[in-house]
Every structure is written in structure tokens, then in C-alpha cells.
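As provided, coords.txt (compact mmCIF, C-alpha atoms) reads as follows.
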```txt
# COMPACT_ATOMS: atom_id res chain seq x y z
CA MET A 123 68.17 63.79 147.79
CA PRO A 124 68.89 65.35 144.37
CA PRO A 125 66.00 66.97 142.50
CA ALA A 126 64.18 64.74 140.05
CA GLN A 127 65.26 66.25 136.74
CA SER A 128 65.84 69.31 134.59
CA THR A 129 65.72 69.79 130.83
CA ARG A 130 68.27 71.59 128.68
CA ALA A 131 67.32 71.87 125.00
CA SER A 132 67.27 68.32 123.59
CA LEU A 133 68.72 66.76 126.76
CA THR A 134 67.06 65.66 129.98
CA VAL A 135 69.20 65.57 133.12
CA SER A 136 68.05 63.50 136.09
CA TRP A 137 69.24 61.56 139.11
CA ALA A 138 68.44 57.85 139.15
CA ARG A 139 65.50 57.14 141.43
CA HIS A 140 65.03 53.45 140.77
CA HIS A 141 67.22 50.39 140.38
CA ASP A 142 66.34 50.01 136.70
CA GLU A 143 67.65 53.53 136.02
CA VAL A 144 70.98 52.61 137.64
CA ARG A 145 71.04 49.55 135.39
CA GLN A 146 70.72 51.82 132.34
CA ALA A 147 73.79 53.75 133.46
CA GLN A 148 75.67 50.51 134.08
CA ARG A 149 74.86 49.28 130.57
CA LEU A 150 76.17 52.49 129.03
CA ARG A 151 79.32 52.22 131.13
CA PHE A 152 79.87 48.63 130.01
CA ASN A 153 79.48 49.54 126.35
CA VAL A 154 81.98 52.39 126.64
CA PHE A 155 84.54 50.85 128.97
CA ALA A 156 84.49 47.24 127.78
CA GLY A 157 83.25 47.70 124.22
CA GLU A 158 85.36 50.71 123.26
CA MET A 159 88.27 50.80 125.71
CA GLY A 160 88.75 47.05 126.07
CA ALA A 161 88.41 47.07 129.86
CA ARG A 162 88.35 43.67 131.53
CA LEU A 163 85.36 43.98 133.82
CA SER A 164 84.46 41.53 136.55
CA THR A 165 80.72 41.94 136.72
CA SER A 166 77.83 40.12 138.35
CA LEU A 167 75.49 40.84 135.43
CA ALA A 168 76.43 40.38 131.78
CA GLY A 169 76.59 43.58 129.78
CA HIS A 170 76.71 45.82 132.85
CA ASP A 171 79.62 47.57 134.59
CA ILE A 172 78.94 46.99 138.29
CA ASP A 173 81.21 47.36 141.29
CA LEU A 174 80.83 47.48 145.07
CA PHE A 175 80.60 51.30 145.15
CA ASP A 176 77.54 51.55 142.92
CA ASP A 177 75.08 50.80 145.72
CA TYR A 178 76.45 53.71 147.75
CA CYS A 179 76.44 56.29 144.95
CA GLU A 180 74.00 58.75 143.45
CA HIS A 181 73.82 58.19 139.68
CA LEU A 182 73.44 61.16 137.36
CA LEU A 183 71.88 60.49 133.95
CA VAL A 184 71.65 62.51 130.76
CA ARG A 185 69.02 61.29 128.31
CA ASP A 186 68.33 62.15 124.72
CA ALA A 187 64.97 63.88 125.02
CA SER A 188 63.63 62.37 121.79
CA SER A 189 64.57 58.73 122.40
CA GLY A 190 64.72 58.69 126.19
CA GLY A 191 67.95 56.70 126.06
CA VAL A 192 70.74 57.31 128.57
CA ILE A 193 73.63 58.92 126.68
CA GLY A 194 75.77 60.18 129.56
CA THR A 195 76.37 59.35 133.20
CA TYR A 196 78.38 60.12 136.32
CA ARG A 197 78.24 58.56 139.73
CA VAL A 198 78.69 60.62 142.88
CA LEU A 199 79.85 59.29 146.24
CA THR A 200 79.02 61.66 149.10
CA PRO A 201 81.08 61.91 152.32
CA THR A 202 78.42 60.08 154.34
CA GLN A 203 78.18 57.25 151.84
CA ALA A 204 81.97 57.04 151.51
CA LYS A 205 82.13 56.30 155.23
CA ARG A 206 79.53 53.57 154.83
CA ALA A 207 81.44 52.10 151.89
CA GLY A 208 84.70 52.14 153.82
CA GLY A 209 86.31 54.68 151.49
CA THR A 210 86.19 55.86 147.90
CA TYR A 211 87.16 54.20 144.64
CA SER A 212 90.09 56.65 144.49
CA ASP A 213 91.35 55.19 147.79
CA THR A 214 91.88 51.88 146.00
CA GLU A 215 94.21 53.55 143.48
CA PHE A 216 95.88 56.25 145.58
CA ASP A 217 97.04 56.97 149.11
CA LEU A 218 94.79 59.95 149.95
CA THR A 219 96.17 60.57 153.45
CA ARG A 220 96.86 64.24 152.74
CA LEU A 221 93.21 64.84 151.89
CA ARG A 222 91.84 63.57 155.20
CA ALA A 223 90.95 67.05 156.49
CA LEU A 224 88.84 67.68 153.37
CA ARG A 225 86.77 64.50 153.51
CA PRO A 226 83.77 65.88 155.47
CA ARG A 227 82.83 68.07 152.48
CA MET A 228 84.45 66.08 149.67
CA VAL A 229 82.60 64.04 147.04
CA GLU A 230 84.05 61.59 144.58
CA LEU A 231 83.06 61.71 140.93
CA GLY A 232 83.46 58.52 138.95
CA ARG A 233 82.57 56.34 136.01
CA SER A 234 82.02 59.32 133.71
CA CYS A 235 81.13 58.33 130.16
CA VAL A 236 79.17 59.55 127.15
CA HIS A 237 77.70 57.52 124.30
CA ALA A 238 79.89 57.59 121.19
CA ASP A 239 77.16 59.23 119.11
CA HIS A 240 76.73 62.14 121.54
CA ARG A 241 80.23 63.30 122.41
CA HIS A 242 79.70 66.99 122.11
CA GLY A 243 79.98 69.74 124.67
CA GLY A 244 76.29 69.80 125.47
CA VAL A 245 76.21 66.46 127.27
CA ILE A 246 79.25 67.21 129.42
CA MET A 247 77.98 70.71 130.25
CA ALA A 248 74.62 69.23 131.26
CA LEU A 249 76.35 66.76 133.57
CA TRP A 250 78.59 69.42 135.08
CA GLY A 251 75.69 71.81 135.59
CA ALA A 252 73.79 69.22 137.61
CA LEU A 253 76.92 68.39 139.60
CA ALA A 254 77.52 72.06 140.45
CA GLU A 255 73.92 72.41 141.63
CA PHE A 256 74.30 69.27 143.74
CA MET A 257 77.46 70.60 145.37
CA ALA A 258 75.96 73.99 146.14
CA ARG A 259 72.68 72.58 147.46
CA ASN A 260 74.44 70.15 149.82
CA GLN A 261 77.12 72.64 150.94
CA LEU A 262 79.93 70.46 149.62
CA ASP A 263 83.07 72.14 148.36
CA THR A 264 85.58 69.60 147.03
CA MET A 265 85.46 67.04 144.21
CA ILE A 266 87.98 64.32 143.52
CA GLY A 267 88.13 61.52 140.99
CA CYS A 268 90.28 59.43 138.69
CA ALA A 269 90.51 60.72 135.11
CA SER A 270 91.53 58.01 132.68
CA ILE A 271 94.05 58.19 129.85
CA PRO A 272 93.81 55.20 127.47
CA MET A 273 96.96 53.11 127.24
CA LEU A 274 96.20 52.45 123.56
CA HIS A 275 97.82 55.16 121.42
CA ASN A 276 98.13 54.98 117.62
CA GLY A 277 97.21 51.33 117.72
CA VAL A 278 99.92 50.44 120.25
CA ILE A 279 99.43 49.74 123.95
CA SER A 280 101.89 52.05 125.66
CA GLY A 281 102.11 54.45 128.56
CA ASP A 282 103.94 57.06 126.50
CA ALA A 283 100.81 59.17 125.99
CA ALA A 284 100.02 59.16 129.71
CA ALA A 285 103.64 59.99 130.58
CA SER A 286 103.59 62.90 128.12
CA ILE A 287 100.31 64.24 129.46
CA TRP A 288 101.59 63.93 133.04
CA ARG A 289 104.69 65.97 132.07
CA GLN A 290 102.46 68.73 130.70
CA VAL A 291 99.96 68.95 133.54
CA LYS A 292 102.61 68.61 136.23
CA ALA A 293 104.19 71.80 134.94
CA THR A 294 100.97 73.82 134.87
CA HIS A 295 98.29 72.30 137.12
CA LEU A 296 99.96 70.36 139.96
CA ALA A 297 98.27 70.78 143.34
CA PRO A 298 100.23 72.18 146.31
CA ILE A 299 102.34 69.59 148.08
CA GLY A 300 99.97 69.51 151.05
CA HIS A 301 97.27 67.96 148.85
CA GLN A 302 99.39 65.65 146.72
CA VAL A 303 98.64 61.92 146.69
CA PHE A 304 100.55 58.80 145.72
CA PRO A 305 99.56 55.95 143.37
CA ARG A 306 99.39 52.48 144.85
CA LEU A 307 100.37 50.97 141.48
CA PRO A 308 102.37 53.74 139.79
CA LEU A 309 102.65 53.97 136.05
CA PRO A 310 106.45 53.83 135.51
CA VAL A 311 106.54 57.20 133.74
CA ASP A 312 110.33 57.50 134.16
CA GLN A 313 110.75 54.49 131.86
CA MET A 314 108.53 55.92 129.13
CA ASP A 315 108.81 58.47 126.35
CA ASP A 316 107.20 61.60 127.76
CA SER A 317 108.07 63.82 124.80
CA LEU A 318 104.96 63.18 122.70
CA VAL A 319 103.04 66.24 121.55
CA ILE A 320 99.57 65.16 122.60
CA ASP A 321 96.53 66.84 124.11
CA PRO A 322 94.98 65.41 127.26
CA PRO A 323 91.58 63.71 126.79
CA ALA A 324 88.67 66.12 126.46
CA LEU A 325 87.38 65.39 129.97
CA ILE A 326 90.72 66.26 131.55
CA ARG A 327 90.99 69.45 129.47
CA GLY A 328 87.52 70.41 130.67
CA TYR A 329 88.43 69.82 134.30
CA LEU A 330 91.53 71.98 133.97
CA ARG A 331 89.57 74.82 132.37
CA MET A 332 87.28 74.77 135.40
CA GLY A 333 90.15 75.23 137.83
CA ALA A 334 90.96 71.60 138.65
CA LYS A 335 94.38 70.49 139.84
CA VAL A 336 96.24 67.22 139.38
CA LEU A 337 97.12 65.64 142.71
CA GLY A 338 100.06 63.53 141.58
CA PRO A 339 101.42 61.08 139.02
CA PRO A 340 99.17 58.54 137.31
CA ALA A 341 98.29 55.12 138.61
CA TRP A 342 98.15 52.17 136.25
CA ASP A 343 94.77 50.45 136.05
CA PRO A 344 95.37 47.17 134.19
CA ASP A 345 91.70 46.16 134.29
CA PHE A 346 90.55 49.32 132.54
CA ASN A 347 93.61 49.40 130.26
CA SER A 348 94.26 52.99 131.34
CA ALA A 349 96.45 55.34 133.32
CA ASP A 350 94.46 57.29 135.92
CA LEU A 351 95.30 60.83 136.97
CA PRO A 352 94.04 61.91 140.40
CA MET A 353 92.01 65.09 139.88
CA PHE A 354 90.93 67.63 142.46
CA MET A 355 88.56 70.56 142.12
CA ARG A 356 87.18 73.00 144.68
CA MET A 357 84.04 75.03 144.12
CA GLN A 358 85.88 78.18 145.19
CA ASP A 359 88.25 77.74 142.23
CA LEU A 360 85.47 77.53 139.64
CA PRO A 361 86.00 80.44 137.20
CA SER A 362 83.29 83.08 137.39
CA ARG A 363 82.02 82.41 133.85
CA TYR A 364 81.30 78.76 134.73
CA ARG A 365 79.83 79.71 138.09
CA LYS A 366 77.37 82.04 136.34
CA TYR A 367 76.49 79.41 133.74
CA PHE A 368 76.04 76.51 136.14
CA LEU A 369 74.62 78.20 139.22
CA ASP A 370 72.99 81.39 137.97
CA GLY A 371 71.55 79.96 134.76
CA LYS A 372 73.26 82.61 132.62
```
Serialized structure, C-alpha cells:
Amino acid sequence: MPPAQSTRASLTVSWARHHDEVRQAQRLRFNVFAGEMGARLSTSLAGHDIDLFDDYCEHLLVRDASSGGVIGTYRVLTPTQAKRAGGTYSDTEFDLTRLRALRPRMVELGRSCVHADHRHGGVIMALWGALAEFMARNQLDTMIGCASIPMLHNGVISGDAAASIWRQVKATHLAPIGHQVFPRLPLPVDQMDDSLVIDPPALIRGYLRMGAKVLGPPAWDPDFNSADLPMFMRMQDLPSRYRKYFLDGK
């Protein structure tokens, strides 16, 4: 099991221990995904983002130390729990056949979000620090996940932004062919304008700075109104400065 919690400045980082703490994460996810992104969520409880993988995951929470409110969250699906769930969320969006040899030490990260009032580097760094500790403690070495690019760009629903970001990252951060995966519902990037000068979302930029690779072209997620890039990161590729910060406390 993950450790109970740690505190970094004005933030408290903890792993959910009780069902009501998972519910707090699910409420934050609903507010961000449905309220801000316009996702169409099929949920069993109003105001909560809930899916079949939640019961199998560990839920990481960042709280504002003064208010106690959950302002950031990730969920983590371990290899053992992925077997019990019958796969990962990423399996529903991509054919991950080429990753089968990595699965015994591979975790899936998902449902990452931060409250709109707290989108600064501190929250993300707190989340990533706890994730790095989790990986090291459990002798896990690979992380995968779907990183979303909103389809809404400049007030227009379009895949042009996602196509343009895919063009950029394909040229600089594409994984070796032996690890590449294939979207089950591909975003038709060849039919879109991929010439936009646009930065990837902050989360994707952060992943790339930490040595992550993109495993292939984006899938289209109509429910979340997004294009999802399959991301892949190995602990051995973590740059030394991040390794020292996350694992050595420096």
C-alpha cells in the first residue's frame, strides 16, 4: 500500500484510504472534465466522474493545506489490478500488443486533473513526486497513459490542434517502432490542418521534459471531446535533475 501522506509547503499529498476520499477525487474530475471540457460522462452518481476502473485503482490526492480541499488527482492502475480489471483504460483506446512484455512492471496513470484555481507547477510536481516514490518503492519501471488534447480550439471544435501537436511530437519524441501502438478510433489527422503553431498542453510538455515518449497517433475520444495521445515513460529515462528532486528530496 502507498504511504499515508506527505506535506510539501502549502500542499498535502496523500493516497485515498477510504471511499469518501475517492468520491472527492471523482467530484473534482467531474467538475474539470464535464464542467470545463464539456465531456459527456455516463456516471452512476450525479456530479461524479466514475468508471469501471476506479474500483481497481489507487487514487492520489493533492489537498490545499489550508482548506483541506482536493485540488489535484491522479489514479494509478498497477499490473496486478490491471489483470483483475481485464486490462487498462488505455487498452480501450489503443491496441497495446507491442507492450505486452512490459506489463508485469507497467502502471497506467489516468484521470489527471487540477482545480482551475491551482494550476501552477507546485501541484503537478507534488503529484509527480508521489508517483515517482510509488514506482521506486514497488519496483515498477514503466508508466503509460492517455494525455488529452481538447478538440475545442479558439472557440471551434476541430482536430487541427491535435493534428498539429501530433506532427510536432512525432518528429521529436516518437517511441521506437517496437513499442508503438495503434488507436482503435483514430483521429483522422491526415484530413486536418496540422500546420498550426501551437504548444502541447502543459501536462504533455511536462511529460516530454521528463523523458516520456509518444507511442503513436492520437485516438479520438468523443465522450471526452478530446484527442488522446498514448504516452510512455520509463523510470530509467527520468533526467537526473528530476530523479534527484523526486527521489532524493533535493
Residues around (98.8, 66.3, 138.6), cut-off 8 Å, counting all atoms listed in the file - what are they as a PyMOL selection string?
-> chain A and resi 288+291-292+295-297+335-340+351-353
Which residues of range 231-349 of chain A have any atom within 8 Å of an atom in range 145-153 of chain A when counting all atoms listed in the file, and what is the closest pair of atoms for each, with the distance in Å to one decimal? Order the rows by chain and rising number and write it as a tab-separated table.
```
residue	atom	partner	partner_atom	distance
A:Arg233	CA	A:Arg151	CA	7.2
A:Cys235	CA	A:Arg151	CA	6.4
A:Val236	CA	A:Leu150	CA	7.9
A:His237	CA	A:Leu150	CA	7.1
```
Which residue, A:His301, A:Arg356, A:Arg227, A:Arg363, has the smallest gap to Gln261 in chain A when you use only C-alpha atoms?
->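 Ranked by minimum distance to Gln261 in chain A, first place goes to A:Arg227.
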Nearby residues (only C-alpha atoms) at most 12 Å from Arg162 in chain A, same-chain spacing under 4 positions excluded, as a PyMOL selection string = chain A and resi 152-158+169-171+343-348
Per residue of range 192-283 of chain A within 8 Å of range 173-176 of chain A, which atom pair is closest and at what distance in Å (one decimal), using all atoms listed in the file, listed by chain and increasing number, as JSON lines?
```
{"residue": "A:Arg197", "atom": "CA", "partner": "A:Asp176", "partner_atom": "CA", "distance": 7.7}
{"residue": "A:Ala207", "atom": "CA", "partner": "A:Phe175", "partner_atom": "CA", "distance": 6.8}
{"residue": "A:Thr210", "atom": "CA", "partner": "A:Phe175", "partner_atom": "CA", "distance": 7.7}
{"residue": "A:Tyr211", "atom": "CA", "partner": "A:Phe175", "partner_atom": "CA", "distance": 7.2}
```
Written file, previous selection with C-alpha atoms, as a PDB file, in the frame of the given file:
```pdb
ATOM      1  CA  ARG A 197      78.240  58.560 139.730  1.00  0.00           C
ATOM      2  CA  ALA A 207      81.440  52.100 151.890  1.00  0.00           C
ATOM      3  CA  THR A 210      86.190  55.860 147.900  1.00  0.00           C
ATOM      4  CA  TYR A 211      87.160  54.200 144.640  1.00  0.00           C
TER       5      TYR A 211
END
```
Give the answer as one residue: which of A:Met159, A:Ala349, A:Met247, A:Ala285 has the shortest atom-to-atom distance to Tyr367 in chain A, using all atoms listed in the file?
->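 Answer, going by the shortest atom-to-atom distance: A:Met247.
For the atom pair formed by CA of Phe368 in chain A and CA of Gly267 in chain A, the distance is 19.9 Å, given to one decimal.
For Ala283 in chain A, the non-local neighbours within 8 Å, defined as residues at least 6 positions apart in the same chain or in other chains and counting only C-alpha atoms, are A:Ile271, A:Met273, A:His275, A:Asp316, A:Leu318, A:Ile320.
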Okay, now the selection with C-alpha atoms, as a PDB file, in the frame of the given file?
```pdb
ATOM      1  CA  ILE A 271      94.050  58.190 129.850  1.00  0.00           C
ATOM      2  CA  MET A 273      96.960  53.110 127.240  1.00  0.00           C
ATOM      3  CA  HIS A 275      97.820  55.160 121.420  1.00  0.00           C
ATOM      4  CA  ASP A 316     107.200  61.600 127.760  1.00  0.00           C
ATOM      5  CA  LEU A 318     104.960  63.180 122.700  1.00  0.00           C
ATOM      6  CA  ILE A 320      99.570  65.160 122.600  1.00  0.00           C
TER       7      ILE A 320
END
```
(94.8, 48.9, 146.5) in this file's frame - what residues fall within 7 Å of it? Use all atoms listed in the file and give the answer as a PDB file with C-alpha atoms, keeping the file's coordinate frame.
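File point_16.pdb, as written:
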```pdb
ATOM      1  CA  THR A 214      91.880  51.880 146.000  1.00  0.00           C
ATOM      2  CA  GLU A 215      94.210  53.550 143.480  1.00  0.00           C
ATOM      3  CA  ARG A 306      99.390  52.480 144.850  1.00  0.00           C
TER       4      ARG A 306
END
```
Separation of CA of Ala238 in chain A from CA of Ile172 in chain A, in Å and rounded to one decimal |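 Taking CA of Ala238 in chain A and CA of Ile172 in chain A, their separation equals 20.1 Å.
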Given only C-alpha atoms as the counted atoms, nearest of A:Ser286, A:Ser164, A:Tyr329, A:Asp217 to Leu307 in chain A =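 With only C-alpha atoms as the atom set, the closest residue is A:Asp217.
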Excluding Met314 in chain A and residues on its chain fewer than 3 positions from it, collect all residues at most 10 Å away from it, counting all atoms listed in the file, and give them as a tab-separated table (two decimals) with C-alpha atoms, keeping the file's coordinate frame.
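Once written, part.tsv looks like this:
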```tsv
chain	number	residue	atom	x	y	z
A	280	SER	CA	101.89	52.05	125.66
A	281	GLY	CA	102.11	54.45	128.56
A	282	ASP	CA	103.94	57.06	126.50
A	283	ALA	CA	100.81	59.17	125.99
A	284	ALA	CA	100.02	59.16	129.71
A	285	ALA	CA	103.64	59.99	130.58
A	286	SER	CA	103.59	62.90	128.12
A	309	LEU	CA	102.65	53.97	136.05
A	310	PRO	CA	106.45	53.83	135.51
A	311	VAL	CA	106.54	57.20	133.74
A	317	SER	CA	108.07	63.82	124.80
```
Got a sec: who's within 8 Å of Gly333 in chain A, counting all atoms listed in the file, leaving out chain neighbours fewer than 5 positions off, as a ChimeraX atom specification?
-> /A:355-356,359-361
State, in Å with one decimal place, the distance from CA of Cys179 in chain A to CA of Val198 in chain A.
->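 So the two atoms, CA of Cys179 in chain A and CA of Val198 in chain A, lie 5.3 Å apart.
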Hey, which of A:Val303, A:Met357, A:Ile326, A:Ala269 ends up closest to Arg220 in chain A? Count only C-alpha atoms.
->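 The answer is A:Val303, which sits nearest to Arg220 in chain A.
Among the candidates A:Arg327, A:Asn260, A:Leu163, A:Tyr178, the one nearest to Gln203 in chain A when counting all atoms listed in the file is A:Tyr178.
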Near Gly244 in chain A, within 10 Å and counting all atoms listed in the file, which residues show up once chain neighbours fewer than 3 positions away are dropped, as a ChimeraX atom specification?
-> /A:130-133,240-241,247-250
Could you save those same residues with C-alpha atoms as a PDB file, in the coordinates of the input?
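The resulting selection-v2.pdb:
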```
ATOM      1  CA  ARG A 130      68.270  71.590 128.680  1.00  0.00           C
ATOM      2  CA  ALA A 131      67.320  71.870 125.000  1.00  0.00           C
ATOM      3  CA  SER A 132      67.270  68.320 123.590  1.00  0.00           C
ATOM      4  CA  LEU A 133      68.720  66.760 126.760  1.00  0.00           C
ATOM      5  CA  HIS A 240      76.730  62.140 121.540  1.00  0.00           C
ATOM      6  CA  ARG A 241      80.230  63.300 122.410  1.00  0.00           C
ATOM      7  CA  MET A 247      77.980  70.710 130.250  1.00  0.00           C
ATOM      8  CA  ALA A 248      74.620  69.230 131.260  1.00  0.00           C
ATOM      9  CA  LEU A 249      76.350  66.760 133.570  1.00  0.00           C
ATOM     10  CA  TRP A 250      78.590  69.420 135.080  1.00  0.00           C
TER      11      TRP A 250
END
```
Which is closer to Ser212 in chain A than all the others in A:Leu167, A:Ile246, A:Ile193, A:Met265, using all atoms listed in the file?
->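 Among A:Leu167, A:Ile246, A:Ile193, A:Met265, it is A:Met265 that comes nearest to Ser212 in chain A.
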Starting from 5 Å padding per side, set up an axis-aligned box that covers all listed atoms of range 174-193 of chain A and hand over centre and edge lengths in Å, one decimal, as AutoDock Vina command-line options.
```
--center_x 72.2 --center_y 55.7 --center_z 134.8 --size_x 27.2 --size_y 26.4 --size_z 36.0
```
